[in-house]
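One file, protein.txt, carrying compact mmCIF, N, CA and C atoms:
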```txt
# COMPACT_ATOMS: atom_id res chain seq x y z
N ASN A 1 89.96 -210.31 67.67
CA ASN A 1 89.49 -209.66 68.91
C ASN A 1 90.59 -209.70 69.97
N ALA A 2 90.77 -208.60 70.65
CA ALA A 2 91.86 -208.49 71.64
C ALA A 2 91.57 -209.36 72.87
N MET A 3 92.64 -209.90 73.42
CA MET A 3 92.55 -210.72 74.61
C MET A 3 92.84 -209.91 75.87
N ALA A 4 93.52 -208.77 75.72
CA ALA A 4 93.91 -207.98 76.88
C ALA A 4 94.04 -206.51 76.50
N THR A 5 93.94 -205.66 77.50
CA THR A 5 93.96 -204.21 77.29
C THR A 5 94.85 -203.54 78.33
N THR A 6 95.66 -202.60 77.87
CA THR A 6 96.36 -201.68 78.77
C THR A 6 95.54 -200.41 78.74
N TYR A 7 95.29 -199.83 79.92
CA TYR A 7 94.39 -198.68 79.96
C TYR A 7 94.91 -197.60 80.90
N ILE A 8 94.41 -196.38 80.66
CA ILE A 8 94.68 -195.25 81.55
C ILE A 8 93.34 -194.68 81.98
N LEU A 9 93.20 -194.52 83.29
CA LEU A 9 92.01 -193.91 83.86
C LEU A 9 92.36 -192.52 84.39
N ARG A 10 91.40 -191.60 84.26
CA ARG A 10 91.55 -190.30 84.92
C ARG A 10 90.65 -190.36 86.15
N CYS A 11 91.26 -190.13 87.30
CA CYS A 11 90.52 -190.18 88.55
C CYS A 11 89.82 -188.85 88.83
N ALA A 12 88.94 -188.85 89.82
CA ALA A 12 88.17 -187.65 90.15
C ALA A 12 89.06 -186.46 90.50
N ASP A 13 90.24 -186.70 91.05
CA ASP A 13 91.16 -185.62 91.42
C ASP A 13 92.13 -185.28 90.29
N ASN A 14 91.87 -185.85 89.09
CA ASN A 14 92.65 -185.63 87.87
C ASN A 14 93.95 -186.44 87.82
N LYS A 15 94.23 -187.26 88.83
CA LYS A 15 95.40 -188.14 88.77
C LYS A 15 95.13 -189.22 87.72
N LEU A 16 96.23 -189.82 87.20
CA LEU A 16 96.08 -190.88 86.21
C LEU A 16 96.44 -192.22 86.84
N TYR A 17 95.74 -193.25 86.42
CA TYR A 17 96.00 -194.61 86.88
C TYR A 17 96.20 -195.49 85.65
N VAL A 18 97.28 -196.25 85.61
CA VAL A 18 97.57 -197.16 84.50
C VAL A 18 97.36 -198.59 84.96
N GLY A 19 96.68 -199.38 84.14
CA GLY A 19 96.46 -200.78 84.49
C GLY A 19 96.35 -201.64 83.25
N SER A 20 96.16 -202.94 83.46
CA SER A 20 95.93 -203.86 82.36
C SER A 20 94.93 -204.91 82.82
N THR A 21 94.19 -205.46 81.86
CA THR A 21 93.11 -206.39 82.20
C THR A 21 92.73 -207.23 80.98
N THR A 22 91.99 -208.29 81.23
CA THR A 22 91.45 -209.08 80.12
C THR A 22 89.97 -208.76 79.89
N ASP A 23 89.38 -207.89 80.73
CA ASP A 23 87.97 -207.50 80.58
C ASP A 23 87.81 -206.03 80.99
N ILE A 24 87.99 -205.13 80.04
CA ILE A 24 88.03 -203.70 80.33
C ILE A 24 86.72 -203.17 80.93
N GLU A 25 85.58 -203.60 80.39
CA GLU A 25 84.30 -203.10 80.91
C GLU A 25 84.11 -203.48 82.38
N GLU A 26 84.37 -204.75 82.68
CA GLU A 26 84.24 -205.24 84.06
C GLU A 26 85.25 -204.55 84.98
N ARG A 27 86.45 -204.34 84.49
CA ARG A 27 87.49 -203.73 85.30
C ARG A 27 87.12 -202.29 85.68
N ILE A 28 86.57 -201.53 84.74
CA ILE A 28 86.19 -200.14 85.03
C ILE A 28 85.04 -200.12 86.03
N LYS A 29 84.08 -201.04 85.89
CA LYS A 29 83.00 -201.15 86.88
C LYS A 29 83.57 -201.40 88.26
N ARG A 30 84.55 -202.30 88.33
CA ARG A 30 85.17 -202.62 89.62
C ARG A 30 85.95 -201.41 90.19
N HIS A 31 86.62 -200.66 89.32
CA HIS A 31 87.31 -199.45 89.78
C HIS A 31 86.29 -198.47 90.38
N ASN A 32 85.20 -198.24 89.68
CA ASN A 32 84.21 -197.28 90.15
C ASN A 32 83.43 -197.78 91.37
N ALA A 33 83.37 -199.09 91.55
CA ALA A 33 82.72 -199.65 92.74
C ALA A 33 83.68 -199.65 93.94
N GLY A 34 84.97 -199.39 93.67
CA GLY A 34 85.95 -199.31 94.74
C GLY A 34 86.68 -200.61 95.04
N TYR A 35 86.56 -201.61 94.16
CA TYR A 35 87.16 -202.93 94.41
C TYR A 35 88.45 -203.22 93.65
N ALA A 36 88.76 -202.46 92.62
CA ALA A 36 89.86 -202.85 91.73
C ALA A 36 91.24 -202.43 92.24
N SER A 37 91.32 -201.34 92.96
CA SER A 37 92.63 -200.83 93.37
C SER A 37 92.47 -199.91 94.58
N GLU A 38 93.42 -199.98 95.50
CA GLU A 38 93.37 -199.08 96.66
C GLU A 38 93.47 -197.63 96.22
N PHE A 39 94.29 -197.38 95.20
CA PHE A 39 94.49 -196.02 94.70
C PHE A 39 93.19 -195.45 94.13
N THR A 40 92.57 -196.16 93.17
CA THR A 40 91.36 -195.60 92.54
C THR A 40 90.20 -195.58 93.52
N HIS A 41 90.20 -196.45 94.53
CA HIS A 41 89.15 -196.45 95.55
C HIS A 41 89.05 -195.07 96.20
N LEU A 42 90.18 -194.43 96.38
CA LEU A 42 90.23 -193.12 97.04
C LEU A 42 89.84 -191.97 96.12
N TYR A 43 89.92 -192.18 94.81
CA TYR A 43 89.73 -191.07 93.87
C TYR A 43 88.65 -191.35 92.84
N ARG A 44 87.55 -191.91 93.28
CA ARG A 44 86.44 -192.20 92.37
C ARG A 44 85.57 -190.97 92.17
N PRO A 45 84.80 -190.90 91.07
CA PRO A 45 84.76 -191.90 90.00
C PRO A 45 85.96 -191.78 89.06
N VAL A 46 86.18 -192.84 88.31
CA VAL A 46 87.25 -192.85 87.32
C VAL A 46 86.63 -192.88 85.93
N GLU A 47 87.41 -192.40 84.96
CA GLU A 47 86.95 -192.38 83.57
C GLU A 47 88.05 -192.96 82.69
N LEU A 48 87.68 -193.84 81.79
CA LEU A 48 88.64 -194.40 80.84
C LEU A 48 89.01 -193.30 79.84
N VAL A 49 90.32 -192.98 79.75
CA VAL A 49 90.75 -191.92 78.83
C VAL A 49 91.66 -192.43 77.73
N TYR A 50 92.15 -193.68 77.87
CA TYR A 50 93.04 -194.23 76.85
C TYR A 50 93.10 -195.74 77.00
N LYS A 51 93.19 -196.44 75.85
CA LYS A 51 93.41 -197.89 75.92
C LYS A 51 94.12 -198.39 74.68
N GLU A 52 94.85 -199.49 74.87
CA GLU A 52 95.52 -200.20 73.78
C GLU A 52 95.20 -201.68 73.95
N ASP A 53 94.86 -202.33 72.85
CA ASP A 53 94.52 -203.75 72.91
C ASP A 53 95.70 -204.62 72.47
N TYR A 54 95.83 -205.76 73.12
CA TYR A 54 96.92 -206.70 72.84
C TYR A 54 96.37 -208.12 72.72
N ASP A 55 97.16 -208.98 72.07
CA ASP A 55 96.77 -210.37 71.89
C ASP A 55 96.92 -211.20 73.16
N THR A 56 97.87 -210.80 74.02
CA THR A 56 98.10 -211.56 75.25
C THR A 56 98.14 -210.63 76.45
N TYR A 57 97.81 -211.18 77.62
CA TYR A 57 97.88 -210.39 78.84
C TYR A 57 99.33 -209.99 79.14
N GLN A 58 100.27 -210.86 78.81
CA GLN A 58 101.69 -210.55 79.04
C GLN A 58 102.11 -209.27 78.31
N GLU A 59 101.65 -209.13 77.06
CA GLU A 59 101.97 -207.92 76.29
C GLU A 59 101.34 -206.69 76.93
N ALA A 60 100.09 -206.81 77.33
CA ALA A 60 99.39 -205.69 77.97
C ALA A 60 100.07 -205.30 79.27
N PHE A 61 100.47 -206.29 80.06
CA PHE A 61 101.12 -206.03 81.34
C PHE A 61 102.49 -205.37 81.13
N ARG A 62 103.23 -205.82 80.11
CA ARG A 62 104.53 -205.22 79.80
C ARG A 62 104.34 -203.73 79.45
N ARG A 63 103.31 -203.42 78.67
CA ARG A 63 103.03 -202.02 78.30
C ARG A 63 102.61 -201.22 79.53
N GLU A 64 101.82 -201.84 80.41
CA GLU A 64 101.44 -201.17 81.66
C GLU A 64 102.67 -200.76 82.45
N ARG A 65 103.62 -201.69 82.61
CA ARG A 65 104.85 -201.40 83.36
C ARG A 65 105.62 -200.25 82.72
N GLN A 66 105.65 -200.24 81.38
CA GLN A 66 106.35 -199.17 80.65
C GLN A 66 105.68 -197.82 80.91
N LEU A 67 104.37 -197.77 80.75
CA LEU A 67 103.64 -196.51 80.90
C LEU A 67 103.72 -195.97 82.32
N LYS A 68 103.76 -196.85 83.30
CA LYS A 68 103.84 -196.41 84.70
C LYS A 68 105.13 -195.65 84.98
N LYS A 69 106.18 -195.89 84.19
CA LYS A 69 107.46 -195.20 84.37
C LYS A 69 107.47 -193.83 83.68
N TRP A 70 106.49 -193.59 82.82
CA TRP A 70 106.45 -192.33 82.06
C TRP A 70 106.08 -191.16 82.96
N THR A 71 106.51 -189.97 82.55
CA THR A 71 106.13 -188.75 83.25
C THR A 71 104.65 -188.46 82.98
N LEU A 72 104.08 -187.61 83.80
CA LEU A 72 102.69 -187.18 83.60
C LEU A 72 102.54 -186.52 82.23
N ALA A 73 103.51 -185.71 81.86
CA ALA A 73 103.45 -185.01 80.56
C ALA A 73 103.40 -186.00 79.40
N LYS A 74 104.20 -187.06 79.48
CA LYS A 74 104.19 -188.08 78.41
C LYS A 74 102.86 -188.81 78.36
N LYS A 75 102.31 -189.16 79.53
CA LYS A 75 101.01 -189.83 79.56
C LYS A 75 99.92 -188.94 78.98
N GLU A 76 99.96 -187.65 79.34
CA GLU A 76 98.95 -186.70 78.83
C GLU A 76 99.07 -186.55 77.31
N ALA A 77 100.29 -186.53 76.78
CA ALA A 77 100.49 -186.43 75.33
C ALA A 77 99.95 -187.69 74.64
N LEU A 78 100.17 -188.86 75.25
CA LEU A 78 99.65 -190.12 74.71
C LEU A 78 98.12 -190.09 74.67
N ILE A 79 97.51 -189.68 75.78
CA ILE A 79 96.05 -189.59 75.87
C ILE A 79 95.50 -188.64 74.81
N ALA A 80 96.19 -187.51 74.61
CA ALA A 80 95.75 -186.50 73.64
C ALA A 80 96.03 -186.93 72.20
N GLY A 81 96.82 -187.99 72.03
CA GLY A 81 97.18 -188.42 70.68
C GLY A 81 98.18 -187.49 70.02
N ASP A 82 98.93 -186.75 70.84
CA ASP A 82 99.90 -185.77 70.34
C ASP A 82 101.26 -186.46 70.15
N ILE A 83 101.42 -187.10 68.99
CA ILE A 83 102.62 -187.89 68.71
C ILE A 83 103.88 -187.01 68.68
N GLU A 84 103.76 -185.82 68.11
CA GLU A 84 104.93 -184.91 68.05
C GLU A 84 105.42 -184.55 69.45
N LYS A 85 104.48 -184.21 70.32
CA LYS A 85 104.85 -183.85 71.69
C LYS A 85 105.44 -185.06 72.41
N LEU A 86 104.89 -186.22 72.14
CA LEU A 86 105.40 -187.46 72.74
C LEU A 86 106.86 -187.71 72.33
N LYS A 87 107.14 -187.52 71.04
CA LYS A 87 108.51 -187.68 70.53
C LYS A 87 109.45 -186.68 71.20
N GLU A 88 108.99 -185.44 71.30
CA GLU A 88 109.78 -184.37 71.90
C GLU A 88 110.09 -184.69 73.37
N LEU A 89 109.08 -185.13 74.12
CA LEU A 89 109.25 -185.46 75.53
C LEU A 89 110.16 -186.68 75.71
N SER A 90 110.08 -187.62 74.78
CA SER A 90 110.92 -188.81 74.85
C SER A 90 112.38 -188.46 74.63
N LYS A 91 112.64 -187.56 73.69
CA LYS A 91 114.01 -187.13 73.40
C LYS A 91 114.63 -186.42 74.59
N SER A 92 113.85 -185.57 75.25
CA SER A 92 114.39 -184.76 76.34
C SER A 92 114.82 -185.60 77.54
N LYS A 93 114.33 -186.83 77.63
CA LYS A 93 114.69 -187.70 78.75
C LYS A 93 115.97 -188.49 78.49
N GLU A 94 116.41 -188.55 77.24
CA GLU A 94 117.58 -189.37 76.90
C GLU A 94 118.89 -188.62 77.08
```

Encoding of this model in structure tokens:
Amino acid sequence: NAMATTYILRCADNKLYVGSTTDIEERIKRHNAGYASEFTHLYRPVELVYKEDYDTYQEAFRRERQLKKWTLAKKEALIAGDIEKLKELSKSKE
């Protein structure tokens, strides 16, 4: 069973929010209640659109930091599960 999760939320205005947590269900409740982040507080409700589970919070947080640097197009390809597009977008940045 996973100890931590890196997640992507789609906000009401269609913006994406990347985070990590040790309790995904509770964290999403807190986002929708307006307590988890100043950013998502402004753009509620939020919907979980992607998640990855990790054994440690450190791993999840490292992935969060990585995803936050990605372009919107790369995040959308990840959410869609479009591995080919993800590879293509990754190459174009190098």

One residue among A:Glu47, A:Glu76, A:Glu59, A:Glu84 is nearest to A:Ser20 when using only C-alpha atoms, and that residue is A:Glu59

key: Residues flagged alpha helix (DSSP H) by DSSP in stretch 12-93 of chain A, as an MDAnalysis selection string   = chainID A and resid 24:33 38:42 57:69 72:80 83:93

Just N, CA and C atoms for this one: save the residues we selected as a CSV table (one decimal), in the frame of the given file.
```csv
chain,number,residue,atom,x,y,z
A,24,ILE,N,88.0,-205.1,80.0
A,24,ILE,CA,88.0,-203.7,80.3
A,24,ILE,C,86.7,-203.2,80.9
A,25,GLU,N,85.6,-203.6,80.4
A,25,GLU,CA,84.3,-203.1,80.9
A,25,GLU,C,84.1,-203.5,82.4
A,26,GLU,N,84.4,-204.8,82.7
A,26,GLU,CA,84.2,-205.2,84.1
A,26,GLU,C,85.2,-204.6,85.0
A,27,ARG,N,86.4,-204.3,84.5
A,27,ARG,CA,87.5,-203.7,85.3
A,27,ARG,C,87.1,-202.3,85.7
A,28,ILE,N,86.6,-201.5,84.7
A,28,ILE,CA,86.2,-200.1,85.0
A,28,ILE,C,85.0,-200.1,86.0
A,29,LYS,N,84.1,-201.0,85.9
A,29,LYS,CA,83.0,-201.2,86.9
A,29,LYS,C,83.6,-201.4,88.3
A,30,ARG,N,84.6,-202.3,88.3
A,30,ARG,CA,85.2,-202.6,89.6
A,30,ARG,C,86.0,-201.4,90.2
A,31,HIS,N,86.6,-200.7,89.3
A,31,HIS,CA,87.3,-199.4,89.8
A,31,HIS,C,86.3,-198.5,90.4
A,32,ASN,N,85.2,-198.2,89.7
A,32,ASN,CA,84.2,-197.3,90.2
A,32,ASN,C,83.4,-197.8,91.4
A,33,ALA,N,83.4,-199.1,91.6
A,33,ALA,CA,82.7,-199.6,92.7
A,33,ALA,C,83.7,-199.6,93.9
A,38,GLU,N,93.4,-200.0,95.5
A,38,GLU,CA,93.4,-199.1,96.7
A,38,GLU,C,93.5,-197.6,96.2
A,39,PHE,N,94.3,-197.4,95.2
A,39,PHE,CA,94.5,-196.0,94.7
A,39,PHE,C,93.2,-195.4,94.1
A,40,THR,N,92.6,-196.2,93.2
A,40,THR,CA,91.4,-195.6,92.5
A,40,THR,C,90.2,-195.6,93.5
A,41,HIS,N,90.2,-196.4,94.5
A,41,HIS,CA,89.2,-196.4,95.6
A,41,HIS,C,89.0,-195.1,96.2
A,42,LEU,N,90.2,-194.4,96.4
A,42,LEU,CA,90.2,-193.1,97.0
A,42,LEU,C,89.8,-192.0,96.1
A,57,TYR,N,97.8,-211.2,77.6
A,57,TYR,CA,97.9,-210.4,78.8
A,57,TYR,C,99.3,-210.0,79.1
A,58,GLN,N,100.3,-210.9,78.8
A,58,GLN,CA,101.7,-210.6,79.0
A,58,GLN,C,102.1,-209.3,78.3
A,59,GLU,N,101.6,-209.1,77.1
A,59,GLU,CA,102.0,-207.9,76.3
A,59,GLU,C,101.3,-206.7,76.9
A,60,ALA,N,100.1,-206.8,77.3
A,60,ALA,CA,99.4,-205.7,78.0
A,60,ALA,C,100.1,-205.3,79.3
A,61,PHE,N,100.5,-206.3,80.1
A,61,PHE,CA,101.1,-206.0,81.3
A,61,PHE,C,102.5,-205.4,81.1
A,62,ARG,N,103.2,-205.8,80.1
A,62,ARG,CA,104.5,-205.2,79.8
A,62,ARG,C,104.3,-203.7,79.4
A,63,ARG,N,103.3,-203.4,78.7
A,63,ARG,CA,103.0,-202.0,78.3
A,63,ARG,C,102.6,-201.2,79.5
A,64,GLU,N,101.8,-201.8,80.4
A,64,GLU,CA,101.4,-201.2,81.7
A,64,GLU,C,102.7,-200.8,82.4
A,65,ARG,N,103.6,-201.7,82.6
A,65,ARG,CA,104.8,-201.4,83.4
A,65,ARG,C,105.6,-200.2,82.7
A,66,GLN,N,105.6,-200.2,81.4
A,66,GLN,CA,106.4,-199.2,80.6
A,66,GLN,C,105.7,-197.8,80.9
A,67,LEU,N,104.4,-197.8,80.8
A,67,LEU,CA,103.6,-196.5,80.9
A,67,LEU,C,103.7,-196.0,82.3
A,68,LYS,N,103.8,-196.8,83.3
A,68,LYS,CA,103.8,-196.4,84.7
A,68,LYS,C,105.1,-195.6,85.0
A,69,LYS,N,106.2,-195.9,84.2
A,69,LYS,CA,107.5,-195.2,84.4
A,69,LYS,C,107.5,-193.8,83.7
A,72,LEU,N,104.1,-187.6,83.8
A,72,LEU,CA,102.7,-187.2,83.6
A,72,LEU,C,102.5,-186.5,82.2
A,73,ALA,N,103.5,-185.7,81.9
A,73,ALA,CA,103.4,-185.0,80.6
A,73,ALA,C,103.4,-186.0,79.4
A,74,LYS,N,104.2,-187.1,79.5
A,74,LYS,CA,104.2,-188.1,78.4
A,74,LYS,C,102.9,-188.8,78.4
A,75,LYS,N,102.3,-189.2,79.5
A,75,LYS,CA,101.0,-189.8,79.6
A,75,LYS,C,99.9,-188.9,79.0
A,76,GLU,N,100.0,-187.6,79.3
A,76,GLU,CA,99.0,-186.7,78.8
A,76,GLU,C,99.1,-186.6,77.3
A,77,ALA,N,100.3,-186.5,76.8
A,77,ALA,CA,100.5,-186.4,75.3
A,77,ALA,C,100.0,-187.7,74.6
A,78,LEU,N,100.2,-188.9,75.2
A,78,LEU,CA,99.6,-190.1,74.7
A,78,LEU,C,98.1,-190.1,74.7
A,79,ILE,N,97.5,-189.7,75.8
A,79,ILE,CA,96.0,-189.6,75.9
A,79,ILE,C,95.5,-188.6,74.8
A,80,ALA,N,96.2,-187.5,74.6
A,80,ALA,CA,95.8,-186.5,73.6
A,80,ALA,C,96.0,-186.9,72.2
A,83,ILE,N,101.4,-187.1,69.0
A,83,ILE,CA,102.6,-187.9,68.7
A,83,ILE,C,103.9,-187.0,68.7
A,84,GLU,N,103.8,-185.8,68.1
A,84,GLU,CA,104.9,-184.9,68.0
A,84,GLU,C,105.4,-184.6,69.4
A,85,LYS,N,104.5,-184.2,70.3
A,85,LYS,CA,104.8,-183.8,71.7
A,85,LYS,C,105.4,-185.1,72.4
A,86,LEU,N,104.9,-186.2,72.1
A,86,LEU,CA,105.4,-187.5,72.7
A,86,LEU,C,106.9,-187.7,72.3
A,87,LYS,N,107.1,-187.5,71.0
A,87,LYS,CA,108.5,-187.7,70.5
A,87,LYS,C,109.4,-186.7,71.2
A,88,GLU,N,109.0,-185.4,71.3
A,88,GLU,CA,109.8,-184.4,71.9
A,88,GLU,C,110.1,-184.7,73.4
A,89,LEU,N,109.1,-185.1,74.1
A,89,LEU,CA,109.2,-185.5,75.5
A,89,LEU,C,110.2,-186.7,75.7
A,90,SER,N,110.1,-187.6,74.8
A,90,SER,CA,110.9,-188.8,74.8
A,90,SER,C,112.4,-188.5,74.6
A,91,LYS,N,112.6,-187.6,73.7
A,91,LYS,CA,114.0,-187.1,73.4
A,91,LYS,C,114.6,-186.4,74.6
A,92,SER,N,113.8,-185.6,75.2
A,92,SER,CA,114.4,-184.8,76.3
A,92,SER,C,114.8,-185.6,77.5
A,93,LYS,N,114.3,-186.8,77.6
A,93,LYS,CA,114.7,-187.7,78.8
A,93,LYS,C,116.0,-188.5,78.5
```

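Counting from atom C of A:Ala60, the distance to atom C of A:Tyr7 is 9.4 Å.
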
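Our summary of the geometry notes that atom CA of A:Tyr17 is positioned 20.0 Å from atom CA of A:Ser90.
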
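The residue set within 6.5 Å of A:Asn32, counting only N, CA and C atoms and dropping same-chain residues fewer than 6 places from it, reads Arg44, Pro45 and Val46 of chain A.
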
I need the chosen residues saved as a compact mmCIF listing (two decimals), keeping the file's coordinate frame, with N, CA and C atoms.
```txt
# COMPACT_ATOMS: atom_id res chain seq x y z
N ARG A 44 87.55 -191.91 93.28
CA ARG A 44 86.44 -192.20 92.37
C ARG A 44 85.57 -190.97 92.17
N PRO A 45 84.80 -190.90 91.07
CA PRO A 45 84.76 -191.90 90.00
C PRO A 45 85.96 -191.78 89.06
N VAL A 46 86.18 -192.84 88.31
CA VAL A 46 87.25 -192.85 87.32
C VAL A 46 86.63 -192.88 85.93
```

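Distance check against A:Phe61 using only C-alpha atoms: of A:Leu86, A:Ala33, A:Ala12, A:Ala4, the minimum falls on A:Ala4.
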
- Message: Would you pick out the contacts of A:Gly19 at 6 Å or less, using only N, CA and C atoms, so that residues sharing its chain but fewer than 6 positions from it are not included, and give the list as a ChimeraX atom specification?
- Response: /A:5-8,64

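Using only N, CA and C atoms, the smallest distance between any of A:Lys69, A:Arg10, A:Lys15, A:Arg27 and A:Leu48 comes from A:Arg10.
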
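Across A:Ala73, A:Ala36, A:Leu9, A:Leu16, the tightest approach to A:Tyr50 is made by A:Leu9 when counting all atoms listed in the file.
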
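For the atom pair formed by atom CA of A:Ile83 and atom CA of A:Val49, the distance is 16.1 Å, given to one decimal.
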
(message) Would you pick out the contacts of A:Lys74 at 6.5 Å or less, using all atoms listed in the file, so that residues sharing its chain but fewer than 4 positions from it are not included, and give the list as a PyMOL selection string?
(response) chain A and resi 70+78-79+86+89
